[in-house]
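See below for coords_28.json, which holds JSON, C-alpha atoms.
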```
[["chain", "number", "residue", "atom", "x", "y", "z"],
["A", 23, "MET", "CA", -17.17, -6.45, -24.31],
["A", 24, "PRO", "CA", -18.56, -7.08, -20.80],
["A", 25, "ALA", "CA", -16.11, -6.43, -17.97],
["A", 26, "VAL", "CA", -15.82, -10.08, -16.90],
["A", 27, "ALA", "CA", -15.22, -11.28, -20.45],
["A", 28, "ALA", "CA", -12.70, -8.50, -21.07],
["A", 29, "ALA", "CA", -10.71, -9.37, -17.97],
["A", 30, "GLN", "CA", -10.69, -13.06, -18.81],
["A", 31, "ALA", "CA", -9.55, -12.22, -22.34],
["A", 32, "GLY", "CA", -6.64, -10.28, -20.92],
["A", 33, "GLU", "CA", -8.06, -6.83, -21.76],
["A", 34, "ALA", "CA", -8.74, -4.09, -19.25],
["A", 35, "PRO", "CA", -12.40, -4.28, -18.25],
["A", 36, "ASP", "CA", -14.61, -1.45, -19.44],
["A", 37, "ARG", "CA", -15.35, 0.46, -16.26],
["A", 38, "THR", "CA", -17.88, 2.97, -17.50],
["A", 39, "PRO", "CA", -20.64, 3.36, -14.89],
["A", 40, "ASP", "CA", -23.06, 1.08, -16.70],
["A", 41, "THR", "CA", -20.67, -1.86, -17.26],
["A", 42, "THR", "CA", -18.19, -2.08, -14.39],
["A", 43, "ILE", "CA", -18.72, -4.74, -11.76],
["A", 44, "ALA", "CA", -18.21, -2.14, -9.10],
["A", 45, "ALA", "CA", -19.11, 1.29, -10.43],
["A", 46, "VAL", "CA", -22.66, 2.22, -9.54],
["A", 47, "GLY", "CA", -24.21, 5.50, -10.54],
["A", 48, "ARG", "CA", -25.53, 7.85, -7.89],
["A", 49, "ASP", "CA", -29.12, 7.01, -8.83],
["A", 50, "ASP", "CA", -28.42, 3.29, -8.32],
["A", 51, "VAL", "CA", -27.41, 3.57, -4.67],
["A", 52, "PRO", "CA", -30.03, 4.81, -2.22],
["A", 53, "ALA", "CA", -29.00, 7.89, -0.32],
["A", 54, "VAL", "CA", -28.17, 7.15, 3.28],
["A", 55, "ALA", "CA", -28.22, 9.95, 5.81],
["A", 56, "PRO", "CA", -25.19, 10.05, 8.16],
["A", 57, "PHE", "CA", -27.19, 8.98, 11.19],
["A", 58, "GLU", "CA", -28.41, 5.93, 9.25],
["A", 59, "VAL", "CA", -24.92, 4.62, 8.43],
["A", 60, "GLU", "CA", -24.74, 2.00, 11.15],
["A", 61, "THR", "CA", -23.34, -1.01, 9.30],
["A", 62, "PRO", "CA", -20.20, -1.48, 7.19],
["A", 63, "GLU", "CA", -22.39, -2.33, 4.21],
["A", 64, "ALA", "CA", -24.33, 0.93, 4.51],
["A", 65, "ARG", "CA", -21.12, 2.91, 4.94],
["A", 66, "ILE", "CA", -19.61, 1.22, 1.88],
["A", 67, "ALA", "CA", -22.68, 2.10, -0.19],
["A", 68, "VAL", "CA", -22.30, 5.78, 0.70],
["A", 69, "LEU", "CA", -18.56, 5.81, 0.02],
["A", 70, "ARG", "CA", -18.96, 4.04, -3.32],
["A", 71, "ARG", "CA", -21.77, 6.33, -4.43],
["A", 72, "ASP", "CA", -19.58, 9.38, -3.89],
["A", 73, "ALA", "CA", -16.41, 7.74, -5.25],
["A", 74, "VAL", "CA", -18.14, 6.89, -8.53],
["A", 75, "ALA", "CA", -19.56, 10.40, -8.74],
["A", 76, "TYR", "CA", -16.11, 11.97, -8.38],
["A", 77, "GLU", "CA", -14.42, 9.45, -10.68],
["A", 78, "HIS", "CA", -16.84, 9.91, -13.56],
["A", 79, "GLY", "CA", -17.96, 13.49, -12.96],
["A", 80, "SER", "CA", -21.54, 12.44, -12.29],
["A", 81, "GLY", "CA", -23.08, 15.13, -10.11],
["A", 82, "HIS", "CA", -19.60, 16.34, -9.04],
["A", 83, "PRO", "CA", -16.60, 17.72, -10.92],
["A", 84, "LYS", "CA", -14.17, 14.94, -11.84],
["A", 85, "ASP", "CA", -11.62, 14.49, -9.06],
["A", 86, "GLY", "CA", -9.54, 11.32, -9.34],
["A", 87, "ALA", "CA", -7.66, 11.84, -6.09],
["A", 88, "ARG", "CA", -10.86, 12.27, -4.11],
["A", 89, "ALA", "CA", -12.46, 9.29, -5.85],
["A", 90, "ALA", "CA", -9.43, 7.15, -4.98],
["A", 91, "ALA", "CA", -9.55, 8.27, -1.35],
["A", 92, "LEU", "CA", -13.22, 7.33, -1.11],
["A", 93, "TYR", "CA", -12.69, 3.99, -2.83],
["A", 94, "CYS", "CA", -9.86, 3.28, -0.40],
["A", 95, "GLN", "CA", -12.08, 3.94, 2.61],
["A", 96, "ALA", "CA", -14.54, 1.38, 1.25],
["A", 97, "ALA", "CA", -11.66, -0.98, 0.40],
["A", 98, "LYS", "CA", -10.40, -0.72, 3.96],
["A", 99, "LEU", "CA", -13.84, -1.79, 5.19],
["A", 100, "GLY", "CA", -13.43, -4.94, 3.11],
["A", 101, "ASP", "CA", -15.34, -4.14, -0.08],
["A", 102, "ALA", "CA", -13.88, -6.23, -2.91],
["A", 103, "ALA", "CA", -15.52, -4.12, -5.63],
["A", 104, "SER", "CA", -13.85, -0.96, -4.32],
["A", 105, "GLN", "CA", -10.54, -2.78, -4.09],
["A", 106, "PHE", "CA", -10.93, -3.71, -7.76],
["A", 107, "ASP", "CA", -11.91, -0.19, -8.81],
["A", 108, "LEU", "CA", -8.94, 1.33, -7.01],
["A", 109, "GLY", "CA", -6.61, -1.22, -8.57],
["A", 110, "TRP", "CA", -8.05, -0.37, -11.99],
["A", 111, "MET", "CA", -7.42, 3.35, -11.45],
["A", 112, "TYR", "CA", -3.77, 2.76, -10.54],
["A", 113, "ALA", "CA", -3.25, 0.18, -13.29],
["A", 114, "ASN", "CA", -4.48, 2.62, -15.94],
["A", 115, "GLY", "CA", -3.35, 5.93, -14.44],
["A", 116, "ARG", "CA", -6.92, 7.22, -14.50],
["A", 117, "GLY", "CA", -7.19, 10.12, -12.08],
["A", 118, "VAL", "CA", -4.11, 8.96, -10.14],
["A", 119, "PRO", "CA", -0.49, 8.33, -11.15],
["A", 120, "ARG", "CA", -0.02, 4.90, -12.70],
["A", 121, "ASP", "CA", 1.45, 2.42, -10.21],
["A", 122, "ASP", "CA", 1.31, -1.26, -11.15],
["A", 123, "ALA", "CA", 2.60, -2.49, -7.77],
["A", 124, "LEU", "CA", -0.07, -0.50, -5.94],
["A", 125, "ALA", "CA", -2.69, -1.73, -8.41],
["A", 126, "ALA", "CA", -1.53, -5.28, -7.74],
["A", 127, "TYR", "CA", -2.07, -4.84, -4.00],
["A", 128, "PHE", "CA", -5.72, -3.94, -4.50],
["A", 129, "PHE", "CA", -6.32, -6.54, -7.21],
["A", 130, "HIS", "CA", -4.78, -9.18, -4.94],
["A", 131, "SER", "CA", -7.09, -8.26, -2.06],
["A", 132, "ALA", "CA", -10.13, -8.38, -4.33],
["A", 133, "ALA", "CA", -8.99, -11.68, -5.88],
["A", 134, "GLU", "CA", -8.64, -13.20, -2.40],
["A", 135, "GLN", "CA", -12.34, -12.50, -1.94],
["A", 136, "GLY", "CA", -13.18, -14.41, -5.11],
["A", 137, "LEU", "CA", -13.39, -11.61, -7.68],
["A", 138, "GLN", "CA", -12.33, -13.30, -10.93],
["A", 139, "GLN", "CA", -11.80, -10.02, -12.76],
["A", 140, "ALA", "CA", -9.28, -9.01, -10.13],
["A", 141, "ALA", "CA", -7.40, -12.28, -10.53],
["A", 142, "ALA", "CA", -7.24, -11.69, -14.30],
["A", 143, "MET", "CA", -5.97, -8.13, -13.88],
["A", 144, "LEU", "CA", -3.42, -9.26, -11.31],
["A", 145, "LYS", "CA", -1.66, -11.26, -14.02],
["A", 146, "ARG", "CA", -1.20, -8.05, -15.99],
["A", 147, "VAL", "CA", 0.34, -5.84, -13.31],
["A", 148, "GLY", "CA", 2.86, -8.10, -11.58],
["A", 149, "GLU", "CA", 3.73, -8.29, -7.90],
["A", 150, "PRO", "CA", 2.02, -6.15, -5.26],
["A", 151, "VAL", "CA", 3.83, -3.66, -3.05],
["A", 152, "ALA", "CA", 5.29, -5.19, 0.09],
["A", 153, "GLU", "CA", 4.01, -2.44, 2.38],
["A", 154, "ILE", "CA", 0.36, -1.79, 3.13],
["A", 155, "PRO", "CA", -0.71, 1.33, 1.19],
["A", 156, "GLU", "CA", -0.96, 4.48, 3.26],
["A", 157, "CYS", "CA", -4.71, 4.86, 2.79],
["A", 158, "MET", "CA", -5.30, 1.33, 4.16],
["A", 159, "ARG", "CA", -3.42, 1.99, 7.39],
["A", 160, "ASP", "CA", -5.00, 3.11, 10.63],
["A", 161, "PRO", "CA", -4.04, 6.60, 11.82],
["A", 162, "VAL", "CA", -1.44, 6.85, 14.54],
["A", 163, "VAL", "CA", -3.05, 8.12, 17.72],
["A", 164, "ALA", "CA", -1.03, 9.33, 20.66],
["A", 165, "ALA", "CA", -1.53, 7.13, 23.69],
["A", 166, "GLY", "CA", -3.41, 8.73, 26.54],
["A", 167, "PRO", "CA", -2.58, 8.34, 30.24],
["A", 168, "ALA", "CA", -2.83, 4.84, 31.64],
["A", 169, "PRO", "CA", -6.03, 4.15, 33.58],
["A", 170, "GLU", "CA", -5.67, 4.25, 37.35],
["A", 171, "ALA", "CA", -7.35, 0.88, 37.76],
["A", 172, "PRO", "CA", -8.03, -1.97, 35.32],
["A", 173, "VAL", "CA", -11.39, -1.76, 33.61],
["A", 174, "GLU", "CA", -13.59, -4.71, 34.45],
["A", 175, "GLU", "CA", -14.67, -6.53, 31.31],
["A", 176, "PRO", "CA", -18.39, -7.12, 30.83],
["A", 177, "PRO", "CA", -19.63, -10.68, 31.24],
["A", 178, "GLU", "CA", -19.58, -12.79, 28.11],
["A", 179, "PRO", "CA", -23.02, -13.31, 26.55],
["A", 180, "PRO", "CA", -24.46, -16.82, 26.56],
["A", 181, "ILE", "CA", -24.05, -19.15, 23.58],
["A", 182, "THR", "CA", -27.06, -21.34, 22.87],
["A", 183, "ALA", "CA", -25.93, -24.73, 21.58],
["A", 184, "PRO", "CA", -27.36, -28.26, 21.47],
["A", 185, "ARG", "CA", -26.49, -30.16, 24.64],
["A", 186, "PRO", "CA", -24.62, -33.02, 22.88],
["A", 187, "ILE", "CA", -22.31, -30.53, 21.18],
["A", 188, "VAL", "CA", -21.76, -28.60, 24.43],
["A", 189, "ASP", "CA", -20.87, -31.86, 26.18],
["A", 190, "LEU", "CA", -18.50, -32.86, 23.37],
["A", 191, "VAL", "CA", -16.72, -29.51, 23.33],
["A", 192, "THR", "CA", -16.56, -29.34, 27.12],
["A", 193, "ARG", "CA", -14.88, -32.74, 27.14],
["A", 194, "LEU", "CA", -12.41, -32.17, 24.29],
["A", 195, "ALA", "CA", -11.40, -28.51, 24.50],
["A", 196, "PRO", "CA", -9.56, -28.69, 27.87],
["A", 197, "GLN", "CA", -7.39, -31.50, 26.46],
["A", 198, "TYR", "CA", -5.99, -28.93, 24.01],
["A", 199, "GLN", "CA", -5.98, -25.96, 26.43],
["A", 200, "VAL", "CA", -8.53, -24.18, 24.25],
["A", 201, "PRO", "CA", -11.46, -22.35, 25.90],
["A", 202, "PRO", "CA", -14.70, -24.26, 25.20],
["A", 203, "ARG", "CA", -16.48, -20.96, 24.67],
["A", 204, "LEU", "CA", -14.23, -20.08, 21.74],
["A", 205, "VAL", "CA", -14.86, -23.48, 20.15],
["A", 206, "LEU", "CA", -18.63, -23.12, 20.51],
["A", 207, "ALA", "CA", -18.53, -19.59, 19.06],
["A", 208, "VAL", "CA", -16.60, -20.87, 16.04],
["A", 209, "ILE", "CA", -18.97, -23.80, 15.52],
["A", 210, "GLU", "CA", -21.97, -21.48, 15.72],
["A", 211, "ALA", "CA", -20.42, -19.07, 13.19],
["A", 212, "GLU", "CA", -19.24, -21.84, 10.88],
["A", 213, "SER", "CA", -22.12, -24.29, 10.70],
["A", 214, "ASN", "CA", -24.76, -23.19, 13.20],
["A", 215, "PHE", "CA", -24.25, -26.61, 14.83],
["A", 216, "ASN", "CA", -25.06, -28.60, 11.68],
["A", 217, "ARG", "CA", -22.65, -31.54, 11.53],
["A", 218, "LEU", "CA", -23.54, -32.22, 7.87],
["A", 219, "ALA", "CA", -22.93, -28.66, 6.66],
["A", 220, "VAL", "CA", -20.91, -28.24, 3.45],
["A", 221, "SER", "CA", -19.79, -24.85, 2.13],
["A", 222, "PRO", "CA", -19.33, -23.84, -1.54],
["A", 223, "LYS", "CA", -15.56, -24.22, -0.91],
["A", 224, "ASN", "CA", -16.11, -27.78, 0.38],
["A", 225, "ALA", "CA", -15.57, -26.93, 4.04],
["A", 226, "GLN", "CA", -17.27, -29.70, 5.95],
["A", 227, "GLY", "CA", -18.95, -30.49, 9.23],
["A", 228, "LEU", "CA", -19.44, -28.65, 12.47],
["A", 229, "MET", "CA", -16.19, -26.66, 12.30],
["A", 230, "GLN", "CA", -16.19, -26.43, 8.49],
["A", 231, "LEU", "CA", -12.83, -28.06, 7.87],
["A", 232, "ILE", "CA", -11.56, -27.93, 4.31],
["A", 233, "PRO", "CA", -9.98, -31.22, 3.20],
["A", 234, "GLU", "CA", -6.44, -29.84, 3.57],
["A", 235, "THR", "CA", -7.05, -28.75, 7.16],
["A", 236, "ALA", "CA", -8.78, -32.03, 7.98],
["A", 237, "GLN", "CA", -5.78, -33.95, 6.68],
["A", 238, "ARG", "CA", -3.37, -31.63, 8.50],
["A", 239, "PHE", "CA", -4.99, -32.44, 11.83],
["A", 240, "GLY", "CA", -5.74, -36.11, 11.30],
["A", 241, "VAL", "CA", -9.46, -35.97, 10.56],
["A", 242, "LYS", "CA", -10.51, -38.88, 8.35],
["A", 243, "ASN", "CA", -14.27, -38.31, 8.44],
["A", 244, "ALA", "CA", -15.18, -34.63, 8.66],
["A", 245, "PHE", "CA", -18.85, -35.49, 9.17],
["A", 246, "ASP", "CA", -18.13, -37.44, 12.33],
["A", 247, "ALA", "CA", -18.85, -34.89, 15.04],
["A", 248, "ALA", "CA", -16.11, -36.03, 17.43],
["A", 249, "GLN", "CA", -13.43, -36.19, 14.73],
["A", 250, "ASN", "CA", -14.45, -32.85, 13.26],
["A", 251, "VAL", "CA", -14.51, -31.03, 16.59],
["A", 252, "ARG", "CA", -11.22, -32.57, 17.68],
["A", 253, "GLY", "CA", -9.58, -31.48, 14.42],
["A", 254, "GLY", "CA", -11.05, -27.99, 14.65],
["A", 255, "ILE", "CA", -9.91, -27.62, 18.24],
["A", 256, "ALA", "CA", -6.41, -28.77, 17.27],
["A", 257, "TYR", "CA", -6.34, -26.09, 14.59],
["A", 258, "LEU", "CA", -7.55, -23.45, 17.06],
["A", 259, "ARG", "CA", -4.82, -24.53, 19.49],
["A", 260, "TRP", "CA", -2.24, -24.07, 16.72],
["A", 261, "LEU", "CA", -3.62, -20.65, 15.77],
["A", 262, "LEU", "CA", -3.76, -19.50, 19.38],
["A", 263, "ALA", "CA", -0.08, -20.34, 19.81],
["A", 264, "TYR", "CA", 0.83, -18.82, 16.45],
["A", 265, "PHE", "CA", -0.90, -15.53, 17.29],
["A", 266, "GLU", "CA", -0.25, -15.67, 21.07],
["A", 267, "GLY", "CA", -3.84, -15.77, 22.22],
["A", 268, "ASP", "CA", -5.15, -12.85, 20.13],
["A", 269, "VAL", "CA", -8.70, -13.99, 19.40],
["A", 270, "ALA", "CA", -9.29, -11.47, 16.60],
["A", 271, "LEU", "CA", -6.26, -12.74, 14.70],
["A", 272, "VAL", "CA", -7.20, -16.35, 15.40],
["A", 273, "ALA", "CA", -10.75, -15.84, 14.15],
["A", 274, "ALA", "CA", -9.50, -14.00, 11.05],
["A", 275, "ALA", "CA", -7.04, -16.80, 10.32],
["A", 276, "TYR", "CA", -9.69, -19.49, 10.83],
["A", 277, "ASN", "CA", -11.86, -17.70, 8.27],
["A", 278, "ALA", "CA", -9.31, -16.44, 5.75],
["A", 279, "GLY", "CA", -6.10, -18.33, 6.53],
["A", 280, "GLU", "CA", -3.08, -17.40, 8.61],
["A", 281, "ARG", "CA", -1.13, -16.24, 5.55],
["A", 282, "ALA", "CA", -3.78, -13.61, 4.76],
["A", 283, "VAL", "CA", -3.53, -12.29, 8.33],
["A", 284, "GLU", "CA", 0.26, -12.06, 8.04],
["A", 285, "ARG", "CA", 0.16, -10.44, 4.61],
["A", 286, "HIS", "CA", -2.25, -7.73, 5.79],
["A", 287, "LEU", "CA", -0.65, -7.34, 9.24],
["A", 288, "GLY", "CA", -3.92, -8.02, 11.00],
["A", 289, "VAL", "CA", -7.52, -8.78, 10.14],
["A", 290, "PRO", "CA", -7.62, -8.75, 6.30],
["A", 291, "PRO", "CA", -9.77, -6.16, 4.52],
["A", 292, "PHE", "CA", -12.37, -8.74, 3.53],
["A", 293, "LEU", "CA", -15.99, -7.91, 4.31],
["A", 294, "GLU", "CA", -16.83, -11.52, 5.22],
["A", 295, "THR", "CA", -13.77, -11.93, 7.45],
["A", 296, "ARG", "CA", -14.33, -8.68, 9.31],
["A", 297, "ALA", "CA", -17.94, -9.61, 9.99],
["A", 298, "TYR", "CA", -16.78, -13.06, 11.15],
["A", 299, "VAL", "CA", -14.28, -11.55, 13.57],
["A", 300, "ARG", "CA", -16.91, -9.21, 15.00],
["A", 301, "ARG", "CA", -19.21, -12.17, 15.54],
["A", 302, "ILE", "CA", -16.57, -14.16, 17.42],
["A", 303, "LEU", "CA", -15.49, -11.17, 19.54],
["A", 304, "ALA", "CA", -19.12, -10.56, 20.47],
["A", 305, "ALA", "CA", -19.05, -13.93, 22.22],
["A", 306, "VAL", "CA", -15.45, -14.29, 23.41],
["A", 307, "ARG", "CA", -12.99, -11.97, 25.13],
["A", 308, "PRO", "CA", -10.23, -10.59, 22.89],
["A", 309, "MET", "CA", -7.30, -12.36, 24.56],
["A", 310, "THR", "CA", -7.16, -15.90, 25.89],
["A", 311, "GLN", "CA", -4.81, -18.62, 27.04],
["A", 312, "PHE", "CA", -2.58, -20.51, 24.61],
["A", 313, "ASP", "CA", -0.09, -23.36, 24.65],
["A", 314, "ALA", "CA", 3.22, -21.83, 23.64],
["A", 315, "SER", "CA", 4.79, -25.25, 23.13],
["A", 316, "VAL", "CA", 2.65, -25.99, 20.05],
["A", 317, "VAL", "CA", 4.40, -23.72, 17.54],
["A", 318, "GLU", "CA", 6.67, -20.69, 17.40],
["A", 319, "PRO", "CA", 4.76, -17.40, 17.09],
["A", 320, "SER", "CA", 4.22, -15.91, 13.66],
["A", 321, "PRO", "CA", 7.34, -14.14, 12.43],
["A", 322, "ARG", "CA", 5.06, -11.25, 11.47],
["A", 323, "LEU", "CA", 3.48, -10.97, 14.92],
["A", 324, "ARG", "CA", 5.81, -8.16, 16.03],
["A", 325, "LEU", "CA", 4.80, -6.07, 13.01],
["A", 326, "ILE", "CA", 1.14, -6.89, 13.64],
["A", 327, "ARG", "CA", 1.50, -5.76, 17.26],
["A", 328, "GLU", "CA", 3.16, -2.52, 16.18],
["A", 329, "ARG", "CA", 0.29, -1.83, 13.83],
["A", 330, "GLN", "CA", -2.24, -2.61, 16.55],
["A", 331, "ARG", "CA", -0.52, -0.21, 18.96],
["A", 332, "ALA", "CA", -0.61, 2.51, 16.33],
["A", 333, "LYS", "CA", -4.40, 2.37, 16.13]]
```
Written as structure tokens, that's how I'd like the structure from this file.
Amino acid sequence: MPAVAAAQAGEAPDRTPDTTIAAVGRDDVPAVAPFEVETPEARIAVLRRDAVAYEHGSGHPKDGARAAALYCQAAKLGDAASQFDLGWMYANGRGVPRDDALAAYFFHSAAEQGLQQAAAMLKRVGEPVAEIPECMRDPVVAAGPAPEAPVEEPPEPPITAPRPIVDLVTRLAPQYQVPPRLVLAVIEAESNFNRLAVSPKNAQGLMQLIPETAQRFGVKNAFDAAQNVRGGIAYLRWLLAYFEGDVALVAAAYNAGERAVERHLGVPPFLETRAYVRRILAAVRPMTQFDASVVEPSPRLRLIRERQRAK
């Protein structure tokens, strides 16, 4: 039975190298020399190639622990397929001790990225662990001496946007105490300034508001540029207050939802979200002003800060 059909039927998917959604034989992934691994996608391909080899004994002796460690490195980079594979190993005790709660953590992360097989398997293993698994955490690094003088940040690169949208954002953003530059960066990332854009998840307009978010912030016509931008700015204002001006967390929440950021204590391990955050941070400084009167900070923000300091 194919893996997708097996998962939907409530059976464990067949994860032999030729049928799994994620397992790819060594010959199926082009070798990438270390100096060529410059993107997360290329790094994931290398990690997965070796993980599969160690899991199935293809070109290497079978070593479940090493395969799991390699899958987890790829999972940490946001690869949903590796998250599924690692969940499958823990759910079935293949090469690692069986641990349904740990399996559920990885299945949940993969399901959040739209992997239907992971959602099916999640129903079989129960609730995920509350804590982030050890292999998904960043290593604790001792803090070095404080710099003698503050480091001057480089100038922000220009954002090219149509003049009517720049004028609209420049007029509306200050009313919400949101930097216009952040708004323009989000619009560029979301719709590339197309006011009629619609995503597969029915996110609409310049700032790609899903119907629930549009309703939450009083937007009646998401394809009206002024309404859409005003609603998106209002949401950004809320997120900035909720995450106290941390642009990476705000961008991650705009893309994946604030609950995903809280659950993962930072930017979620989703490939799309991590790329989205990098794109926003390439255009906007990492910390910015926020209106603290809008909402109380996230109750998980202290834990998120502790994790950030441990990096």
Arg281 (chain A) surroundings by all atoms listed in the file, 10 Å radius, close-in-sequence under 3 positions cut, as number ranges by chain:
A: 275, 278, 284-287, 290, 320, 322
Can you pull out every residue within 10 Å of region 89-100 of chain A, counting all atoms listed in the file, but drop anything in the same chain fewer than 5 positions away, and send it as a PyMOL selection string?
chain A and resi 62-63+65-79+84+105-109+111-112+116-118+128+131-132+135+155-160+289-297
Need to verify the contact set: Asn214 (chain A), 12 Å, all atoms listed in the file, exclusion of same-chain residues closer than 3 positions in sequence. Can you return it as a PyMOL selection string?
chain A and resi 181-184+187+206-211+217-220+227-230
So what do you get for CA of Gly240 (chain A) versus CA of Arg252 (chain A), distance-wise?
9.1 Å
May I have the centre and edge lengths, in Å to one decimal, of an axis-aligned box around the listed atoms of region 123-137 of chain A with 6 Å added to every side, as AutoDock Vina command-line options?
```
--center_x -5.4 --center_y -7.5 --center_z -5.2 --size_x 28.0 --size_y 25.9 --size_z 18.5
```
Residues within 12 Å of (-8.8, -34.9, 8.8), counting only C-alpha atoms, listed as a count of residues only:
32
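Atom to atom, CA of Lys223 (chain A) and CA of Tyr298 (chain A) stand 16.5 Å apart.
Across the model, the gap from CA of Leu262 (chain A) to CA of Phe312 (chain A) is 5.5 Å.
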